[in-house]
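The structure appears right after this line, and notes come after that.
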Amino acid sequence: RDFGDIQQFPVMYDGWFATEHEWMGADGETPRKVSGDVAKGLGRQIEAQMVTAVQAALADGVTRMEVRFDCVPNLEEVDLGTALNQKFSVEIREDMGLGEKKYKTEIRRNLVDWANHHWARKLAAALTSLDLSVFIQHCSQTDFSKANTLGENIWVGRLGRAPRILAAGDVGVVVNPGVEDQWKKALTFSAPDSPLIYLNSISGGWTYELGGPIKEAEQIYYMKRVSKGWIFRCYPGPWQALVERPDGSVQVLATYEKRPLLRDASKVVREYSFEKFAIFNDRYAKGFGGRL
């Protein structure tokens, strides 16, 4: 597969999807479409970049990693049930063998949890191809047992309930850790030579910075929305500050070899957006750059 430049920010919002979807925009007039076209380097970019970054870090001997991106295309609007998120929920249901209508409400109600499970499964499938055993450890209370299984080398359960202390040849994937204690708890169940990946912590461990509270964990694949844009890193590449333009495309404004302070990178994006687009770069307001 040709996923294009693996270091580039994924296409908004095609990169989340594996198949094509069409719908009518919120204004009831504008047709919307995500391609999911892998051949054109549009679909499955999130999956490809995440997997490639983690595999590169493993090859370099990194054993404590953080992977963070919006688990659904419109994370900030997840409670509103945007059309784009609804299309994504259909895709993950089908991927997990839950396409029947009886699962529709359950997954929509807990879309963040199910979406994170979807990404954990994608990461686990890639890691087992390297002859590793993967332990997906959820910090939520959602029951994922109805999803189809991916093989005997992938264990799914809650944090702290894995059948053994993870050792060499095992990889732990800790999904959406919240308070700092959960991050630290995961370390106690993982030997130093057993890779541990913190996946999609929405709270970020309440650090209010780029990266969670575990200093040993390197940000391997990281996408954080800020006002008017994004902060992005795909290992082993640099950090990037990007503005999201009114048409939904992105532009790199600054690169950093070391992790920048959130306030500094955010300021670059915010000031450029106001200087270039003034008030006409709003994701919500029709006539002012609205595009959701």
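Chain identifiers are assigned as A, B, and so on, following the order in which chains appear in the structure tokens; residues are numbered from 1 within each chain, and ligands are numbered from 1 in order of appearance.
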
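For stretch 217-233 of chain A, the set of protein, DNA and RNA residues having any atom at most 7 Å away, when counting only C-alpha atoms and skipping those fewer than 4 positions along the same chain, is Met50, Ala53, Val54, Arg64, Met65, Glu66, Val67, Arg68, Phe69, Gly211, Gly237, Pro238, Trp239, Gln240, Ala241, Leu242, Val243, Glu244, Ser266, Val269, Arg270 and Ser273 of chain A.
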
Contacts of A:Thr207 at 12 Å (only C-alpha atoms; same-chain gap of 3+ positions) as a list in words: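 Contacts, in chain order: Gly178, Val179, Glu180, Ser201, Ile202, Ser203, Gly204, Leu210, Gly211, Gly212, Pro213, Ile214, Lys215, Leu261 and Leu262 of chain A.
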
Considering only strand (DSSP E or B) as DSSP defines it on the backbone, what residues of stretch 104-238 of chain A qualify? List them as a PyMOL selection string. chain A and resi 133-138+154-158+166+170-175+190+196-199+218-226+229-234

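Proximity to A:Leu58 was assessed for A:Ser194, A:Asn200, A:Gln8, A:Thr255 counting only C-alpha atoms; the smallest distance is recorded for A:Ser194.
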
Using 12 Å as the limit and counting only C-alpha atoms, can you tabulate each residue of stretch 172-290 of chain A that touches stretch 136-144 of chain A, with its shortest atom-to-atom distance in Å and the two atoms involved, as a tab-separated table?
```
residue	atom	partner	partner_atom	distance
A:Gly172	CA	A:Ile136	CA	6.2
A:Val173	CA	A:Ile136	CA	4.8
A:Val174	CA	A:Gln137	CA	4.8
A:Val175	CA	A:His138	CA	4.8
A:Asn176	CA	A:Cys139	CA	6.1
A:Pro177	CA	A:Cys139	CA	5.7
A:Gly178	CA	A:Cys139	CA	7.7
A:Val179	CA	A:Cys139	CA	10.2
A:Asp181	CA	A:Cys139	CA	11.3
A:Gln182	CA	A:Cys139	CA	7.8
A:Trp183	CA	A:Cys139	CA	9.9
A:Lys185	CA	A:Cys139	CA	10.9
A:Ala186	CA	A:Gln137	CA	8.8
A:Phe189	CA	A:Gln137	CA	10.7
A:Ser190	CA	A:Gln137	CA	11.7
A:Leu196	CA	A:Ile136	CA	10.3
A:Ile197	CA	A:Ile136	CA	9.6
A:Tyr198	CA	A:Gln137	CA	9.6
A:Leu199	CA	A:His138	CA	9.6
A:Asn200	CA	A:His138	CA	10.9
A:Ser201	CA	A:Cys139	CA	9.7
A:Ile202	CA	A:Cys139	CA	11.5
```

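Between atom CA of A:Gly28 and atom CA of A:Arg109 lies a distance of 24.5 Å.
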
Find the residues around A:Ala83 up to 10 Å (only C-alpha atoms counted), leave out those fewer than 4 positions away in its own chain, and share them as a VMD selection string. chain A and resid 22 to 26 32 74 87 to 89 292

For those residues, write all heavy atoms to a file as a short mmCIF file (atom, residue, chain, number, x, y, z; two decimals), in the first residue's frame.
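Everything below was put into selection_13.cif:
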```cif
data_model
loop_
_atom_site.label_atom_id
_atom_site.label_comp_id
_atom_site.auth_asym_id
_atom_site.auth_seq_id
_atom_site.Cartn_x
_atom_site.Cartn_y
_atom_site.Cartn_z
N GLU A 22 -20.66 9.05 2.20
CA GLU A 22 -21.24 10.31 1.75
C GLU A 22 -22.41 10.67 2.66
O GLU A 22 -23.11 9.79 3.16
CB GLU A 22 -21.73 10.21 0.31
CG GLU A 22 -20.61 9.95 -0.71
CD GLU A 22 -21.13 9.91 -2.13
OE1 GLU A 22 -22.35 10.12 -2.33
OE2 GLU A 22 -20.34 9.66 -3.06
N TRP A 23 -22.64 11.98 2.86
CA TRP A 23 -23.76 12.44 3.67
C TRP A 23 -24.00 13.91 3.35
O TRP A 23 -23.21 14.56 2.67
CB TRP A 23 -23.49 12.24 5.16
CG TRP A 23 -22.44 13.17 5.74
CD1 TRP A 23 -22.65 14.31 6.45
CD2 TRP A 23 -21.02 13.02 5.65
NE1 TRP A 23 -21.46 14.89 6.82
CE2 TRP A 23 -20.44 14.11 6.33
CE3 TRP A 23 -20.18 12.07 5.06
CZ2 TRP A 23 -19.06 14.28 6.42
CZ3 TRP A 23 -18.81 12.25 5.16
CH2 TRP A 23 -18.27 13.33 5.83
N MET A 24 -25.08 14.44 3.87
CA MET A 24 -25.42 15.85 3.67
C MET A 24 -24.95 16.66 4.88
O MET A 24 -25.11 16.22 6.02
CB MET A 24 -26.94 16.02 3.50
CG MET A 24 -27.34 17.41 3.03
SD MET A 24 -26.61 17.89 1.43
CE MET A 24 -27.43 16.69 0.34
N GLY A 25 -24.34 17.79 4.62
CA GLY A 25 -23.81 18.62 5.69
C GLY A 25 -24.90 19.14 6.61
O GLY A 25 -26.10 19.04 6.34
N ALA A 26 -24.47 19.74 7.73
CA ALA A 26 -25.42 20.22 8.75
C ALA A 26 -26.35 21.29 8.22
O ALA A 26 -27.46 21.47 8.75
CB ALA A 26 -24.64 20.74 9.97
N ARG A 32 -21.30 16.14 1.59
CA ARG A 32 -20.00 15.86 2.18
C ARG A 32 -19.56 14.46 1.79
O ARG A 32 -20.38 13.58 1.53
CB ARG A 32 -20.06 15.96 3.71
CG ARG A 32 -20.62 17.27 4.25
CD ARG A 32 -19.59 18.36 4.22
NE ARG A 32 -20.04 19.55 4.95
CZ ARG A 32 -19.33 20.65 5.09
NH1 ARG A 32 -18.13 20.72 4.56
NH2 ARG A 32 -19.81 21.68 5.77
N ASN A 74 -14.62 13.83 14.94
CA ASN A 74 -15.07 15.04 15.65
C ASN A 74 -15.14 14.74 17.15
O ASN A 74 -16.21 14.58 17.72
CB ASN A 74 -16.45 15.49 15.15
CG ASN A 74 -16.49 15.81 13.67
OD1 ASN A 74 -17.49 15.57 13.02
ND2 ASN A 74 -15.42 16.35 13.12
N LYS A 87 -20.97 8.04 10.79
CA LYS A 87 -20.42 7.21 9.73
C LYS A 87 -19.26 6.38 10.25
O LYS A 87 -19.10 5.21 9.89
CB LYS A 87 -19.96 8.09 8.56
CG LYS A 87 -21.07 8.83 7.85
CD LYS A 87 -22.04 7.88 7.17
CE LYS A 87 -23.11 8.65 6.39
NZ LYS A 87 -24.11 7.73 5.78
N PHE A 88 -18.45 6.99 11.12
CA PHE A 88 -17.32 6.26 11.68
C PHE A 88 -17.79 5.13 12.59
O PHE A 88 -17.19 4.05 12.61
CB PHE A 88 -16.41 7.22 12.45
CG PHE A 88 -15.12 6.59 12.89
CD1 PHE A 88 -14.17 6.21 11.96
CD2 PHE A 88 -14.86 6.38 14.23
CE1 PHE A 88 -12.97 5.62 12.36
CE2 PHE A 88 -13.68 5.80 14.64
CZ PHE A 88 -12.73 5.42 13.70
N SER A 89 -18.86 5.36 13.34
CA SER A 89 -19.38 4.30 14.22
C SER A 89 -19.85 3.10 13.41
O SER A 89 -19.68 1.95 13.83
CB SER A 89 -20.52 4.83 15.09
OG SER A 89 -21.70 5.06 14.34
N LEU A 292 -18.11 21.77 9.73
CA LEU A 292 -18.53 20.51 10.33
C LEU A 292 -19.91 20.11 9.82
O LEU A 292 -20.72 21.00 9.54
CB LEU A 292 -18.55 20.62 11.85
CG LEU A 292 -17.18 20.71 12.51
CD1 LEU A 292 -17.33 20.75 14.02
CD2 LEU A 292 -16.28 19.57 12.10
#
```

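Nearest-residue note for A:Glu216: choosing from A:Lys184, A:Tyr235, A:Glu91, A:Phe9, the minimum distance belongs to A:Lys184, counting only C-alpha atoms.
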
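Nearest-residue note for A:Pro10: choosing from A:Glu76, A:Lys33, A:Cys234, A:Ile279, the minimum distance belongs to A:Cys234, counting only C-alpha atoms.
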
Can you tell me, as a PDB file with N, CA, C and O atoms, in the first residue's frame, which residues in stretch 2-84 of chain A count as alpha helix (DSSP H) by DSSP?
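Saved to result38.pdb:
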```pdb
ATOM      1  N   GLN A  45      -4.967   6.442   6.973  1.00  0.00           N
ATOM      2  CA  GLN A  45      -3.709   7.102   7.301  1.00  0.00           C
ATOM      3  C   GLN A  45      -3.408   7.040   8.793  1.00  0.00           C
ATOM      4  O   GLN A  45      -2.262   6.839   9.184  1.00  0.00           O
ATOM      5  N   ILE A  46      -4.422   7.246   9.609  1.00  0.00           N
ATOM      6  CA  ILE A  46      -4.215   7.194  11.061  1.00  0.00           C
ATOM      7  C   ILE A  46      -3.620   5.842  11.448  1.00  0.00           C
ATOM      8  O   ILE A  46      -2.621   5.760  12.169  1.00  0.00           O
ATOM      9  N   GLU A  47      -4.252   4.780  10.982  1.00  0.00           N
ATOM     10  CA  GLU A  47      -3.767   3.435  11.296  1.00  0.00           C
ATOM     11  C   GLU A  47      -2.339   3.234  10.805  1.00  0.00           C
ATOM     12  O   GLU A  47      -1.477   2.738  11.547  1.00  0.00           O
ATOM     13  N   ALA A  48      -2.080   3.607   9.558  1.00  0.00           N
ATOM     14  CA  ALA A  48      -0.754   3.396   8.975  1.00  0.00           C
ATOM     15  C   ALA A  48       0.314   4.183   9.717  1.00  0.00           C
ATOM     16  O   ALA A  48       1.403   3.658  10.011  1.00  0.00           O
ATOM     17  N   GLN A  49       0.028   5.439  10.035  1.00  0.00           N
ATOM     18  CA  GLN A  49       1.015   6.256  10.723  1.00  0.00           C
ATOM     19  C   GLN A  49       1.270   5.757  12.137  1.00  0.00           C
ATOM     20  O   GLN A  49       2.418   5.698  12.588  1.00  0.00           O
ATOM     21  N   MET A  50       0.205   5.425  12.857  1.00  0.00           N
ATOM     22  CA  MET A  50       0.348   4.914  14.214  1.00  0.00           C
ATOM     23  C   MET A  50       1.215   3.660  14.240  1.00  0.00           C
ATOM     24  O   MET A  50       2.170   3.553  15.021  1.00  0.00           O
ATOM     25  N   VAL A  51       0.885   2.705  13.379  1.00  0.00           N
ATOM     26  CA  VAL A  51       1.607   1.433  13.349  1.00  0.00           C
ATOM     27  C   VAL A  51       3.062   1.645  12.947  1.00  0.00           C
ATOM     28  O   VAL A  51       3.987   1.099  13.573  1.00  0.00           O
ATOM     29  N   THR A  52       3.291   2.453  11.920  1.00  0.00           N
ATOM     30  CA  THR A  52       4.648   2.693  11.442  1.00  0.00           C
ATOM     31  C   THR A  52       5.500   3.367  12.511  1.00  0.00           C
ATOM     32  O   THR A  52       6.668   3.008  12.721  1.00  0.00           O
ATOM     33  N   ALA A  53       4.924   4.349  13.202  1.00  0.00           N
ATOM     34  CA  ALA A  53       5.659   5.063  14.245  1.00  0.00           C
ATOM     35  C   ALA A  53       6.016   4.133  15.401  1.00  0.00           C
ATOM     36  O   ALA A  53       7.148   4.150  15.900  1.00  0.00           O
ATOM     37  N   VAL A  54       5.060   3.318  15.838  1.00  0.00           N
ATOM     38  CA  VAL A  54       5.317   2.400  16.950  1.00  0.00           C
ATOM     39  C   VAL A  54       6.356   1.361  16.562  1.00  0.00           C
ATOM     40  O   VAL A  54       7.274   1.052  17.339  1.00  0.00           O
ATOM     41  N   GLN A  55       6.259   0.811  15.374  1.00  0.00           N
ATOM     42  CA  GLN A  55       7.236  -0.188  14.940  1.00  0.00           C
ATOM     43  C   GLN A  55       8.633   0.412  14.847  1.00  0.00           C
ATOM     44  O   GLN A  55       9.621  -0.237  15.205  1.00  0.00           O
ATOM     45  N   ALA A  56       8.737   1.667  14.376  1.00  0.00           N
ATOM     46  CA  ALA A  56      10.038   2.329  14.297  1.00  0.00           C
ATOM     47  C   ALA A  56      10.615   2.550  15.695  1.00  0.00           C
ATOM     48  O   ALA A  56      11.822   2.369  15.923  1.00  0.00           O
ATOM     49  N   ALA A  57       9.761   2.935  16.638  1.00  0.00           N
ATOM     50  CA  ALA A  57      10.225   3.157  18.011  1.00  0.00           C
ATOM     51  C   ALA A  57      10.678   1.846  18.654  1.00  0.00           C
ATOM     52  O   ALA A  57      11.701   1.805  19.351  1.00  0.00           O
ATOM     53  N   LEU A  58       9.933   0.778  18.410  1.00  0.00           N
ATOM     54  CA  LEU A  58      10.339  -0.530  18.936  1.00  0.00           C
ATOM     55  C   LEU A  58      11.705  -0.934  18.388  1.00  0.00           C
ATOM     56  O   LEU A  58      12.557  -1.451  19.123  1.00  0.00           O
ATOM     57  N   ALA A  59      11.910  -0.705  17.100  1.00  0.00           N
ATOM     58  CA  ALA A  59      13.186  -1.052  16.477  1.00  0.00           C
ATOM     59  C   ALA A  59      14.343  -0.259  17.081  1.00  0.00           C
ATOM     60  O   ALA A  59      15.486  -0.732  17.121  1.00  0.00           O
ATOM     61  N   ALA A  83     -22.698  13.815  11.921  1.00  0.00           N
ATOM     62  CA  ALA A  83     -22.848  12.837  10.843  1.00  0.00           C
ATOM     63  C   ALA A  83     -21.546  12.101  10.583  1.00  0.00           C
ATOM     64  O   ALA A  83     -21.544  10.891  10.307  1.00  0.00           O
ATOM     65  N   LEU A  84     -20.432  12.811  10.672  1.00  0.00           N
ATOM     66  CA  LEU A  84     -19.138  12.184  10.425  1.00  0.00           C
ATOM     67  C   LEU A  84     -18.830  11.123  11.475  1.00  0.00           C
ATOM     68  O   LEU A  84     -18.357  10.022  11.160  1.00  0.00           O
TER      69      LEU A  84
END
```

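Atom pair atom CA of A:Thr149 / atom CA of A:Gly97: separated by 9.3 Å.
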
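Ranking A:Lys267, A:Glu29, A:Ser35, A:Val134 by their shortest atom-to-atom distance to A:Lys122, with only C-alpha atoms included, puts A:Val134 first.
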
Rank A:Gly15, A:Gly248, A:Trp206, A:Ala167 by their smallest atom-to-atom distance to A:Ala191, using only C-alpha atoms, and report the top residue only.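 Distance minimum relative to A:Ala191 lands on A:Ala167.
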